[in-house]
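Next comes coords-v6.cif, with mmCIF, C-alpha atoms.
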data_structure
#
loop_
_atom_site.label_atom_id
_atom_site.label_comp_id
_atom_site.auth_asym_id
_atom_site.auth_seq_id
_atom_site.Cartn_x
_atom_site.Cartn_y
_atom_site.Cartn_z
CA MET F 1 -55.26 46.43 6.40
CA SER F 2 -53.76 47.98 9.53
CA ASN F 3 -50.13 47.11 10.19
CA THR F 4 -50.81 46.56 13.90
CA ALA F 5 -53.24 44.56 16.03
CA ILE F 6 -54.58 45.95 19.31
CA LEU F 7 -55.07 43.73 22.35
CA GLU F 8 -56.88 45.03 25.43
CA ILE F 9 -56.26 43.48 28.86
CA ASP F 10 -57.78 45.00 32.03
CA GLY F 11 -58.52 48.20 30.17
CA LYS F 12 -54.96 48.64 28.94
CA LYS F 13 -54.26 48.46 25.20
CA TYR F 14 -51.19 46.93 23.59
CA GLU F 15 -50.15 47.07 19.93
CA PHE F 16 -48.50 44.19 18.08
CA PRO F 17 -47.15 44.20 14.52
CA ILE F 18 -48.96 42.37 11.72
CA ILE F 19 -46.85 40.33 9.31
CA VAL F 20 -48.10 39.50 5.80
CA GLY F 21 -46.54 36.67 3.81
CA THR F 22 -45.94 36.63 0.04
CA GLU F 23 -49.24 34.77 -0.44
CA ASN F 24 -51.10 37.27 1.81
CA GLU F 25 -51.12 35.04 4.87
CA VAL F 26 -51.65 37.29 7.91
CA ALA F 27 -49.96 36.77 11.28
CA ILE F 28 -49.92 38.80 14.49
CA ASP F 29 -46.35 39.01 15.85
CA ILE F 30 -46.70 38.29 19.58
CA ASP F 31 -42.98 37.84 20.23
CA LYS F 32 -43.10 40.54 22.94
CA LEU F 33 -46.56 39.60 24.31
CA ARG F 34 -45.42 38.14 27.64
CA GLY F 35 -42.76 40.78 28.19
CA GLU F 36 -45.22 43.64 27.68
CA THR F 37 -48.41 42.19 29.17
CA GLY F 38 -47.37 39.31 31.42
CA ALA F 39 -49.87 37.12 29.50
CA ILE F 40 -49.33 34.24 27.09
CA THR F 41 -51.57 32.56 24.52
CA ILE F 42 -53.05 29.07 24.81
CA ASP F 43 -53.29 27.21 21.51
CA PRO F 44 -53.46 23.41 21.95
CA GLY F 45 -51.83 21.70 18.96
CA TYR F 46 -50.53 25.12 17.78
CA LYS F 47 -53.27 25.23 15.12
CA ASN F 48 -53.34 29.03 15.19
CA SER F 49 -49.68 29.66 15.98
CA GLY F 50 -46.91 30.27 13.47
CA SER F 51 -43.62 28.93 14.82
CA CYS F 52 -41.45 30.47 12.11
CA LYS F 53 -41.23 32.32 8.82
CA SER F 54 -40.29 29.93 6.02
CA GLU F 55 -39.49 30.16 2.31
CA ILE F 56 -39.86 26.43 1.62
CA THR F 57 -43.50 25.33 1.25
CA PHE F 58 -46.80 27.14 0.73
CA LEU F 59 -50.02 25.34 1.60
CA ASP F 60 -53.58 26.65 1.30
CA GLY F 61 -55.95 24.05 2.70
CA GLU F 62 -59.12 25.89 1.71
CA LYS F 63 -58.13 26.16 -1.97
CA GLY F 64 -56.25 22.85 -2.19
CA ILE F 65 -52.89 24.44 -3.10
CA LEU F 66 -49.45 22.97 -2.39
CA ARG F 67 -46.24 24.54 -3.71
CA TYR F 68 -42.55 23.90 -3.10
CA ARG F 69 -40.44 27.07 -3.37
CA GLY F 70 -43.17 28.63 -5.54
CA TYR F 71 -43.59 25.66 -7.92
CA SER F 72 -46.98 23.93 -7.98
CA ILE F 73 -47.05 20.32 -6.84
CA GLU F 74 -48.87 19.47 -10.08
CA ASP F 75 -45.99 20.79 -12.23
CA LEU F 76 -43.31 19.14 -10.12
CA ALA F 77 -45.03 15.74 -10.10
CA ASP F 78 -45.57 15.91 -13.86
CA LYS F 79 -42.23 17.33 -15.04
CA SER F 80 -39.63 16.71 -12.36
CA ASN F 81 -38.10 13.81 -10.43
CA PHE F 82 -37.49 13.17 -6.75
CA LEU F 83 -33.80 14.13 -6.61
CA GLU F 84 -34.48 17.32 -8.56
CA VAL F 85 -37.28 18.24 -6.14
CA SER F 86 -35.02 17.35 -3.19
CA TYR F 87 -32.39 19.76 -4.50
CA LEU F 88 -35.05 22.46 -4.97
CA LEU F 89 -36.35 22.09 -1.41
CA ILE F 90 -32.92 22.03 0.23
CA PHE F 91 -31.03 24.61 -1.83
CA GLY F 92 -33.88 26.90 -2.91
CA GLU F 93 -33.71 26.69 -6.71
CA LEU F 94 -34.17 24.03 -9.38
CA PRO F 95 -30.77 22.58 -10.31
CA THR F 96 -29.15 22.95 -13.72
CA ALA F 97 -28.39 19.69 -15.55
CA ALA F 98 -24.80 19.93 -14.24
CA ASP F 99 -26.00 20.64 -10.68
CA LEU F 100 -28.32 17.64 -10.75
CA GLU F 101 -25.65 15.30 -12.12
CA LYS F 102 -23.20 16.48 -9.46
CA PHE F 103 -25.86 16.04 -6.74
CA GLU F 104 -26.61 12.45 -7.74
CA THR F 105 -22.88 11.66 -8.10
CA ASN F 106 -22.16 13.04 -4.63
CA ILE F 107 -25.05 11.13 -3.07
CA ARG F 108 -23.56 7.95 -4.54
CA LYS F 109 -20.26 8.74 -2.82
CA TYR F 110 -21.95 8.33 0.55
CA THR F 111 -24.24 5.34 0.05
CA LEU F 112 -21.91 2.88 1.77
CA VAL F 113 -22.93 2.40 5.40
CA ASN F 114 -20.32 1.50 8.03
CA GLU F 115 -20.28 -2.28 8.49
CA GLU F 116 -20.54 -1.83 12.26
CA MET F 117 -24.10 -0.62 11.71
CA LYS F 118 -24.93 -4.26 11.04
CA ASN F 119 -24.12 -5.03 14.68
CA ILE F 120 -26.75 -2.49 15.74
CA ILE F 121 -29.47 -3.83 13.44
CA ASP F 122 -28.62 -7.40 14.53
CA GLY F 123 -29.53 -6.39 18.08
CA PHE F 124 -33.18 -5.87 17.19
CA PRO F 125 -35.66 -8.76 17.27
CA LYS F 126 -36.87 -9.80 13.84
CA ASN F 127 -40.41 -8.58 14.58
CA ALA F 128 -39.36 -5.08 15.71
CA HIS F 129 -41.39 -2.37 13.96
CA PRO F 130 -39.36 -0.95 11.04
CA MET F 131 -39.98 2.66 12.15
CA GLY F 132 -38.51 1.98 15.59
CA VAL F 133 -35.48 0.39 13.94
CA LEU F 134 -35.17 3.28 11.46
CA ALA F 135 -35.27 5.93 14.21
CA SER F 136 -32.54 4.07 16.10
CA LEU F 137 -30.32 3.53 13.04
CA THR F 138 -30.67 7.18 12.02
CA SER F 139 -29.63 8.28 15.48
CA ALA F 140 -26.75 5.78 15.40
CA LEU F 141 -25.38 7.46 12.27
CA THR F 142 -24.33 10.28 14.63
CA ALA F 143 -21.80 7.94 16.22
CA PHE F 144 -20.16 7.31 12.84
CA ASN F 145 -20.36 10.97 11.82
CA PRO F 146 -19.59 12.82 15.09
CA LYS F 147 -18.44 16.10 13.54
CA SER F 148 -21.04 18.84 13.91
CA VAL F 149 -22.09 20.42 10.61
CA ASP F 150 -21.33 24.11 10.17
CA VAL F 151 -24.51 25.22 8.37
CA SER F 152 -22.91 28.48 7.25
CA ASN F 153 -20.18 26.54 5.43
CA GLU F 154 -21.73 25.70 2.03
CA LYS F 155 -19.28 22.87 1.26
CA GLU F 156 -19.81 21.20 4.66
CA MET F 157 -23.57 21.55 4.43
CA TYR F 158 -23.66 20.18 0.88
CA GLU F 159 -21.65 17.11 1.91
CA ALA F 160 -23.92 16.58 4.94
CA VAL F 161 -27.00 16.71 2.67
CA CYS F 162 -25.55 14.17 0.23
CA LYS F 163 -24.43 11.92 3.06
CA THR F 164 -27.88 11.99 4.67
CA MET F 165 -29.71 11.35 1.38
CA GLY F 166 -27.38 8.46 0.53
CA LYS F 167 -27.27 6.63 3.85
CA PHE F 168 -30.89 7.12 4.92
CA LEU F 169 -32.26 5.31 1.85
CA VAL F 170 -30.01 2.32 2.53
CA ILE F 171 -30.78 1.97 6.25
CA ALA F 172 -34.50 2.47 5.57
CA THR F 173 -34.53 -0.56 3.28
CA TRP F 174 -32.43 -2.52 5.76
CA THR F 175 -35.35 -2.38 8.21
CA TYR F 176 -37.38 -4.43 5.71
CA ARG F 177 -34.53 -6.86 4.97
CA LYS F 178 -34.11 -7.44 8.71
CA ASN F 179 -37.83 -8.08 9.13
CA MET F 180 -37.83 -10.58 6.26
CA GLY F 181 -34.61 -12.32 7.28
CA TYR F 182 -32.93 -11.40 3.97
CA PRO F 183 -29.24 -10.48 3.54
CA LEU F 184 -28.68 -6.71 3.55
CA ASN F 185 -28.28 -5.09 0.14
CA TYR F 186 -25.99 -2.29 -1.00
CA TYR F 187 -26.65 0.69 -3.27
CA ASP F 188 -25.89 0.16 -6.98
CA ASN F 189 -24.23 3.34 -8.26
CA THR F 190 -25.15 2.50 -11.87
CA LYS F 191 -28.86 2.93 -11.12
CA GLY F 192 -31.11 5.83 -10.10
CA TYR F 193 -32.20 6.74 -6.58
CA VAL F 194 -35.80 5.48 -6.76
CA GLU F 195 -34.82 2.38 -8.75
CA ASN F 196 -32.25 1.65 -6.06
CA PHE F 197 -34.98 1.76 -3.44
CA MET F 198 -36.81 -1.10 -5.16
CA ARG F 199 -33.76 -3.27 -5.67
CA LEU F 200 -32.44 -2.55 -2.15
CA MET F 201 -35.79 -3.83 -0.91
CA PHE F 202 -36.46 -6.78 -3.17
CA GLU F 203 -33.37 -7.98 -5.05
CA LEU F 204 -32.16 -11.35 -3.79
CA PRO F 205 -28.74 -12.95 -4.36
CA THR F 206 -30.46 -15.83 -6.15
CA GLY F 207 -31.28 -13.81 -9.26
CA PRO F 208 -31.57 -10.40 -10.96
CA TYR F 209 -34.40 -8.05 -10.12
CA LYS F 210 -36.30 -6.26 -12.89
CA ILE F 211 -38.89 -3.55 -12.42
CA ASP F 212 -41.33 -1.81 -14.75
CA THR F 213 -40.64 1.90 -15.40
CA LYS F 214 -44.30 2.71 -14.63
CA ILE F 215 -43.74 1.49 -11.09
CA ILE F 216 -40.56 3.57 -10.75
CA ASN F 217 -42.48 6.62 -12.03
CA ALA F 218 -45.33 6.03 -9.56
CA LEU F 219 -42.93 5.76 -6.63
CA ASP F 220 -41.01 8.81 -7.83
CA LYS F 221 -44.28 10.79 -7.80
CA LEU F 222 -45.17 9.49 -4.35
CA PHE F 223 -41.82 10.56 -2.93
CA ILE F 224 -42.26 14.02 -4.52
CA LEU F 225 -45.77 14.37 -3.05
CA HIS F 226 -44.49 13.47 0.41
CA ALA F 227 -41.31 15.57 0.22
CA ASP F 228 -42.57 18.47 2.38
CA HIS F 229 -45.83 19.68 3.85
CA GLU F 230 -45.17 22.88 5.76
CA GLN F 231 -45.03 22.79 9.59
CA ASN F 232 -46.57 19.37 10.25
CA CYS F 233 -45.87 17.32 13.38
CA SER F 234 -42.63 15.62 12.25
CA THR F 235 -41.24 18.72 10.52
CA SER F 236 -41.95 20.88 13.56
CA THR F 237 -40.22 18.20 15.64
CA VAL F 238 -37.12 18.32 13.43
CA ARG F 239 -37.00 22.11 13.76
CA MET F 240 -37.65 22.00 17.53
CA VAL F 241 -34.92 19.43 18.17
CA GLY F 242 -32.54 21.20 15.79
CA SER F 243 -33.16 24.50 17.58
CA SER F 244 -31.13 23.12 20.51
CA HIS F 245 -28.28 22.75 17.96
CA ALA F 246 -28.69 18.98 17.95
CA GLY F 247 -27.09 17.50 14.83
CA LEU F 248 -28.83 16.68 11.56
CA PHE F 249 -29.02 12.90 12.13
CA ALA F 250 -30.33 13.32 15.69
CA SER F 251 -32.96 15.82 14.54
CA ILE F 252 -34.10 13.58 11.67
CA SER F 253 -34.27 10.60 14.02
CA ALA F 254 -36.71 12.62 16.14
CA GLY F 255 -38.70 13.39 12.99
CA VAL F 256 -38.90 9.67 12.19
CA SER F 257 -40.34 8.99 15.65
CA ALA F 258 -42.94 11.76 15.23
CA LEU F 259 -43.88 10.45 11.79
CA TRP F 260 -44.46 6.97 13.22
CA GLY F 261 -47.72 7.97 14.94
CA PRO F 262 -50.99 6.78 13.35
CA LEU F 263 -52.34 10.35 13.26
CA HIS F 264 -49.40 11.42 11.07
CA GLY F 265 -47.28 9.17 8.85
CA GLY F 266 -48.96 6.00 10.05
CA ALA F 267 -52.22 7.01 8.35
CA ASN F 268 -51.56 4.98 5.19
CA GLN F 269 -50.85 1.92 7.33
CA ALA F 270 -54.16 2.55 9.12
CA VAL F 271 -55.92 2.62 5.70
CA LEU F 272 -54.72 -0.89 4.83
CA GLU F 273 -55.48 -2.22 8.31
CA MET F 274 -59.04 -0.90 7.89
CA LEU F 275 -59.37 -2.53 4.45
CA GLU F 276 -58.04 -5.84 5.81
CA GLU F 277 -60.54 -5.64 8.67
CA ILE F 278 -63.41 -5.09 6.20
CA GLN F 279 -62.23 -8.03 4.11
CA LYS F 280 -61.92 -10.25 7.20
CA ASN F 281 -65.52 -9.40 8.14
CA GLY F 282 -67.04 -10.40 4.82
CA GLY F 283 -65.77 -7.71 2.46
CA ASP F 284 -69.08 -5.80 2.27
CA ALA F 285 -67.96 -2.25 1.33
CA ASP F 286 -71.56 -0.93 1.32
CA LYS F 287 -72.04 -2.03 4.91
CA TYR F 288 -68.99 -0.05 6.03
CA LEU F 289 -69.99 3.00 4.00
CA ALA F 290 -73.29 2.94 5.90
CA LYS F 291 -71.42 2.59 9.21
CA ALA F 292 -69.27 5.60 8.29
CA LYS F 293 -72.43 7.69 7.79
CA ASP F 294 -73.96 6.60 11.11
CA LYS F 295 -73.12 9.20 13.77
CA GLU F 296 -73.78 6.63 16.50
CA ASP F 297 -71.28 4.18 15.01
CA PRO F 298 -67.63 4.61 16.13
CA PHE F 299 -66.33 3.33 12.78
CA ARG F 300 -64.47 5.90 10.67
CA LEU F 301 -63.23 5.57 7.10
CA MET F 302 -59.45 5.96 7.14
CA GLY F 303 -57.85 7.77 4.18
CA PHE F 304 -60.79 10.08 3.46
CA GLY F 305 -60.70 13.83 4.07
CA HIS F 306 -57.74 15.76 5.49
CA ARG F 307 -57.24 17.94 8.57
CA VAL F 308 -55.55 20.72 6.55
CA TYR F 309 -57.24 20.41 3.13
CA LYS F 310 -60.85 21.51 3.55
CA ASN F 311 -61.78 20.90 -0.08
CA PHE F 312 -59.52 18.30 -1.68
CA ASP F 313 -55.99 17.02 -1.26
CA PRO F 314 -54.15 18.12 -4.45
CA ARG F 315 -51.68 15.26 -3.99
CA ALA F 316 -54.50 12.71 -4.12
CA LYS F 317 -55.61 13.82 -7.60
CA ILE F 318 -52.06 13.26 -8.88
CA ILE F 319 -51.44 9.92 -7.21
CA LYS F 320 -54.84 8.45 -8.16
CA LYS F 321 -53.65 8.09 -11.76
CA ALA F 322 -50.36 6.56 -10.62
CA ALA F 323 -52.28 4.06 -8.48
CA ASP F 324 -54.47 3.12 -11.45
CA ASP F 325 -51.33 2.67 -13.62
CA VAL F 326 -49.64 0.44 -11.04
CA LEU F 327 -52.71 -1.79 -10.62
CA ALA F 328 -53.09 -2.07 -14.42
CA THR F 329 -49.37 -2.79 -14.92
CA LEU F 330 -49.20 -5.47 -12.24
CA GLY F 331 -52.62 -6.96 -12.97
CA VAL F 332 -53.10 -7.47 -9.25
CA ASN F 333 -56.04 -9.62 -8.15
CA ASP F 334 -56.32 -8.74 -4.49
CA PRO F 335 -59.67 -8.74 -2.63
CA VAL F 336 -58.42 -6.02 -0.28
CA LEU F 337 -57.64 -3.70 -3.20
CA THR F 338 -61.02 -4.54 -4.75
CA ILE F 339 -62.66 -3.26 -1.56
CA ALA F 340 -60.51 -0.12 -1.77
CA LYS F 341 -61.72 0.59 -5.31
CA LYS F 342 -65.35 0.10 -4.23
CA LEU F 343 -64.93 2.54 -1.35
CA GLU F 344 -63.22 5.04 -3.64
CA GLU F 345 -65.97 4.90 -6.30
CA ALA F 346 -68.74 5.18 -3.72
CA ALA F 347 -67.12 8.09 -1.88
CA LEU F 348 -66.55 10.02 -5.12
CA GLN F 349 -70.22 9.63 -6.11
CA ASP F 350 -72.08 9.63 -2.77
CA GLU F 351 -73.57 13.01 -1.80
CA TYR F 352 -72.89 12.36 1.89
CA PHE F 353 -69.13 12.23 1.28
CA LYS F 354 -69.09 14.88 -1.47
CA SER F 355 -70.99 17.43 0.64
CA ARG F 356 -68.51 16.95 3.49
CA ASN F 357 -65.42 16.98 1.23
CA LEU F 358 -64.53 13.47 2.39
CA TYR F 359 -62.54 12.62 -0.71
CA PRO F 360 -59.85 9.91 -0.81
CA ASN F 361 -56.56 11.50 0.29
CA VAL F 362 -52.91 10.78 -0.50
CA ASP F 363 -52.71 8.19 2.32
CA PHE F 364 -55.52 6.19 0.72
CA TYR F 365 -53.81 5.97 -2.68
CA SER F 366 -50.28 5.52 -1.37
CA GLY F 367 -51.50 2.59 0.72
CA ILE F 368 -53.04 1.00 -2.39
CA ILE F 369 -49.77 1.39 -4.35
CA TYR F 370 -47.61 -0.04 -1.57
CA ARG F 371 -49.97 -2.99 -1.10
CA ALA F 372 -49.94 -3.70 -4.86
CA LEU F 373 -46.11 -3.72 -4.83
CA GLY F 374 -46.09 -6.32 -2.07
CA ILE F 375 -44.72 -3.96 0.57
CA PRO F 376 -45.83 -4.97 4.11
CA THR F 377 -48.05 -2.48 5.93
CA GLU F 378 -45.40 -1.99 8.65
CA MET F 379 -43.10 -0.53 5.96
CA PHE F 380 -45.55 2.08 4.66
CA THR F 381 -44.43 4.80 7.06
CA VAL F 382 -40.78 4.04 6.27
CA LEU F 383 -41.50 4.91 2.63
CA PHE F 384 -43.19 8.10 3.81
CA ALA F 385 -39.98 8.93 5.74
CA ILE F 386 -37.83 8.42 2.61
CA GLY F 387 -40.04 10.87 0.73
CA ARG F 388 -40.14 13.39 3.60
CA LEU F 389 -36.34 13.33 4.15
CA PRO F 390 -35.45 16.29 1.85
CA GLY F 391 -38.16 18.41 3.49
CA TRP F 392 -36.76 17.65 6.94
CA ILE F 393 -33.25 18.55 5.78
CA ALA F 394 -34.47 21.79 4.16
CA GLN F 395 -36.40 22.83 7.25
CA TRP F 396 -33.49 22.01 9.60
CA LYS F 397 -31.08 23.96 7.38
CA GLU F 398 -33.40 26.98 7.15
CA MET F 399 -33.98 27.02 10.90
CA ARG F 400 -30.25 26.97 11.65
CA LEU F 401 -29.34 29.55 9.00
CA ASN F 402 -32.06 31.87 10.34
CA LYS F 403 -30.53 31.51 13.82
CA GLU F 404 -33.93 30.75 15.28
CA PRO F 405 -34.03 30.62 19.10
CA ILE F 406 -34.36 27.35 20.94
CA GLY F 407 -37.96 26.15 20.99
CA ARG F 408 -39.47 26.64 24.43
CA PRO F 409 -43.31 26.80 24.59
CA ARG F 410 -44.99 28.22 27.69
CA GLN F 411 -47.85 26.72 29.69
CA VAL F 412 -50.65 27.72 32.04
CA TYR F 413 -50.17 25.83 35.30
CA THR F 414 -53.42 24.29 36.62
CA GLY F 415 -52.03 22.16 39.48
CA SER F 416 -52.14 22.68 43.25
CA PRO F 417 -51.08 26.02 44.72
CA LEU F 418 -48.26 26.15 47.28
CA ARG F 419 -48.64 23.37 49.86
CA GLU F 420 -46.85 22.64 53.10
CA PHE F 421 -44.77 19.45 53.15
CA VAL F 422 -46.07 16.82 55.60
CA LYS F 423 -43.64 14.26 57.00
CA THR F 424 -44.27 10.60 56.15
CA GLU F 425 -45.42 9.63 59.67
CA ASN F 426 -48.04 12.37 59.67
CA ARG F 427 -49.66 11.61 56.29
#

What is this file in structure tokens?
Amino acid sequence: MSNTAILEIDGKKYEFPIIVGTENEVAIDIDKLRGETGAITIDPGYKNSGSCKSEITFLDGEKGILRYRGYSIEDLADKSNFLEVSYLLIFGELPTAADLEKFETNIRKYTLVNEEMKNIIDGFPKNAHPMGVLASLTSALTAFNPKSVDVSNEKEMYEAVCKTMGKFLVIATWTYRKNMGYPLNYYDNTKGYVENFMRLMFELPTGPYKIDTKIINALDKLFILHADHEQNCSTSTVRMVGSSHAGLFASISAGVSALWGPLHGGANQAVLEMLEEIQKNGGDADKYLAKAKDKEDPFRLMGFGHRVYKNFDPRAKIIKKAADDVLATLGVNDPVLTIAKKLEEAALQDEYFKSRNLYPNVDFYSGIIYRALGIPTEMFTVLFAIGRLPGWIAQWKEMRLNKEPIGRPRQVYTGSPLREFVKTENR
């Protein structure tokens, strides 16, 4: 392959370098395009534009490959745990046993949230969407941690990572407690990170809370599968906001807001809302499968297929088993989940869906798990945010260490040309 690309404009040729990644991804470096030619590119949604070079996550949508720092998602989900994967994403290598113990110990040091944060959460109405509350609380953490993090100082950065991992989990669960009218819970330093999530959510002062290890394992896998996904909408937002040298909490708050959208993190909530709608209208799964096949019908099956994965979502294959384990462990008898299983079975066997690679994706199965655990649909995206947190931190850290310039896309102006101002009385 040539190491340059040639662009011709008005008969004049320009050469631009070609960059090849470690997995043979090819990119044309157009950093000097405007300076040399006066032209820019138009790429709505940036589907063909690389915003950065990154060492964190490799994704091949055509082959269904997802790797964190070179490790396959299948290996990590099978052999690792969420905090270990978080360390890998943020610091670049798998931790030793001593590193991992220190990491968890240091996260525990920062799990107490300033009591004044309760005044902020009290200001929200009970029915406020948890993601709106979470974005606000994350941003508010800046007020209690005003010192800017020096990313080149390893000790400072390490403490900032542990502080963010510790406090974010607590305030995320507080959004649910607020919604339910329950007293706010505190982290229990004798228990693990994922186990703490469940007890922070559901333990009441009236009695102890016990949870099956299969459920902890399923949630652990889900958090791992959500931990990073290359330059998606929320991750790109975190990097863009951070490029202005906004702090870590402010940048993550922006990521939470981006994740909230139904086309991104809200997809698993949309899955359950679709299933509830089917159940409300008689629960006939076959009828809705037929509607999904009808090009004239606006109905679309949520949770099937993926914009990036053109074959299958590798995360879905992993989490399908976890979903089956959770349903078997809990013995849930829920008509909505029965509809979900019918849709899943039909889509996996029906040639229409198979030929179009419309397989159930990770949002479909995560929605089933959350529903089975009794988690309200409004909280689904909050759980996604907990899982995605280490990826956001890793991407923010990498962007700052690489000294990437402030994000500033260009545009092609299509408005009115120069016009003469007309005084009010003459209009």

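Pairwise distance (atom CA of F:Tyr309, atom CA of F:Ala5) equals 27.7 Å.
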
Worksheet item: Which polymer residues have any atom within 9 Å of an atom of stretch 322-337 of chain F, counting all atoms listed in the file, with same-chain residues fewer than 3 positions away left out, as a list in words?
Response: Asp212, Lys214, Ile215, Asn217, Ala218, Leu219, Lys221, Leu222, Leu272, Leu275, Glu276, Ile278, Gln279, Gly283, Ile318, Ile319, Ala340, Lys341, Lys342, Tyr365, Ser366, Ile368, Ile369, Arg371, Ala372 and Leu373 of chain F

Worksheet item: Within 6 Å of (-36.4, 5.2, -1.0), all atoms listed in the file: residues as a ChimeraX atom specification?
Response: /F:169,194,197,386

Item to complete: Please measure the separation of atom CA of F:Tyr182 and atom CA of F:Asp363, giving the value in Å to one decimal.
Response: 27.9 Å

Discussion item. The PyMOL selection byres ((chain F and resi 396) around 8) - which residues does that actually catch in the file I just gave you? List them as JSON, numbers by chain.
Written reply: {"F": [238, 239, 242, 248, 251, 392, 393, 394, 395, 397, 398, 399, 400]}

With C-alpha atoms retained, write the just-selected residues as a PDB file, in the coordinates of the input.
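Saved to out_37.pdb:
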ATOM      1  CA  VAL F 238     -37.120  18.320  13.430  1.00  0.00           C
ATOM      2  CA  ARG F 239     -37.000  22.110  13.760  1.00  0.00           C
ATOM      3  CA  GLY F 242     -32.540  21.200  15.790  1.00  0.00           C
ATOM      4  CA  LEU F 248     -28.830  16.680  11.560  1.00  0.00           C
ATOM      5  CA  SER F 251     -32.960  15.820  14.540  1.00  0.00           C
ATOM      6  CA  TRP F 392     -36.760  17.650   6.940  1.00  0.00           C
ATOM      7  CA  ILE F 393     -33.250  18.550   5.780  1.00  0.00           C
ATOM      8  CA  ALA F 394     -34.470  21.790   4.160  1.00  0.00           C
ATOM      9  CA  GLN F 395     -36.400  22.830   7.250  1.00  0.00           C
ATOM     10  CA  LYS F 397     -31.080  23.960   7.380  1.00  0.00           C
ATOM     11  CA  GLU F 398     -33.400  26.980   7.150  1.00  0.00           C
ATOM     12  CA  MET F 399     -33.980  27.020  10.900  1.00  0.00           C
ATOM     13  CA  ARG F 400     -30.250  26.970  11.650  1.00  0.00           C
TER      14      ARG F 400
END

Is it possible to get the axis-aligned box enclosing stretch 179-194 of chain F (all listed atoms, 8 Å extra per side) as JSON, with centre and edge lengths in Å rounded to one decimal?
{"center_x": -31.0, "center_y": -2.8, "center_z": -1.4, "size_x": 29.6, "size_y": 35.1, "size_z": 37.0}

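Distance check against F:Gly374 using only C-alpha atoms: of F:Gly192, F:Asn361, F:Gly303, F:Met198, the minimum falls on F:Met198.
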
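Atom to atom, atom CA of F:Ala227 and atom CA of F:Gly391 stand 5.4 Å apart.
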
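Those residues that approach F:Gly61 to within 9 Å, counting only C-alpha atoms, are Ile65, Leu66, His306, Arg307, Val308, Tyr309, Lys310, Asn311, Phe312 and Asp313 of chain F; same-chain residues fewer than 4 positions away are not listed.
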
Fill in: Of the listed residues F:Gly38, F:Pro44, F:Gly282, F:Gly21, that which approaches F:Ile9 most closely, counting all atoms listed in the file
F:Gly38

Discussion item. Residue by residue, what does the PyMOL selection byres ((chain F and resi 382) around 8) grab here? Present the result as a PyMOL selection string.
Written reply: chain F and resi 130-131+134+172+378-381+383-386

Practice prompt. Name the residues, using the chain letters and numbers of the file, that sit within 9 Å of (-24.9, 7.2, -6.2) when counting only C-alpha atoms, and give them as a count of residues only.
Written response: 17

Practice prompt. Tell me, as a PyMOL selection string, which residues lie within 12 Å of F:Arg177, counting all atoms listed in the file; anything in the same chain fewer than 3 positions away does not count.
Written response: chain F and resi 118+121-122+126-128+130+133+170-174+180-186+198-204+375-376+379

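Using only C-alpha atoms, the contacts of F:Lys102 at a cut-off of 12 Å, with sequence neighbours closer than 4 positions omitted, comprise Leu83, Glu84, Tyr87, Pro95, Thr96, Ala97, Ala98, Asn106, Ile107, Arg108, Lys109, Tyr158, Glu159 and Cys162 of chain F.
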
Fill in: Residues returned when the PyMOL selection byres ((chain F and resi 16) around 6) runs on this file, as a PyMOL selection string
chain F and resi 4-5+15+17

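Closest approach to F:Arg315 among F:Leu7, F:Ile30, F:Ile73, F:Ile90: F:Ile73, based on all atoms listed in the file.
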
Item to complete: Would you list the contacts of F:Val241 as a PyMOL selection string, taking every protein, DNA or RNA residue within 8 Å and counting all atoms listed in the file, but skipping same-chain residues closer than 3 positions in sequence?
Response: chain F and resi 237-238+244-246+251+254+407

Worksheet item: So which one's closest to F:Ile252, F:Phe421, F:Tyr176, F:Phe223, F:Phe168? Using only C-alpha atoms, please.
Response: F:Phe168
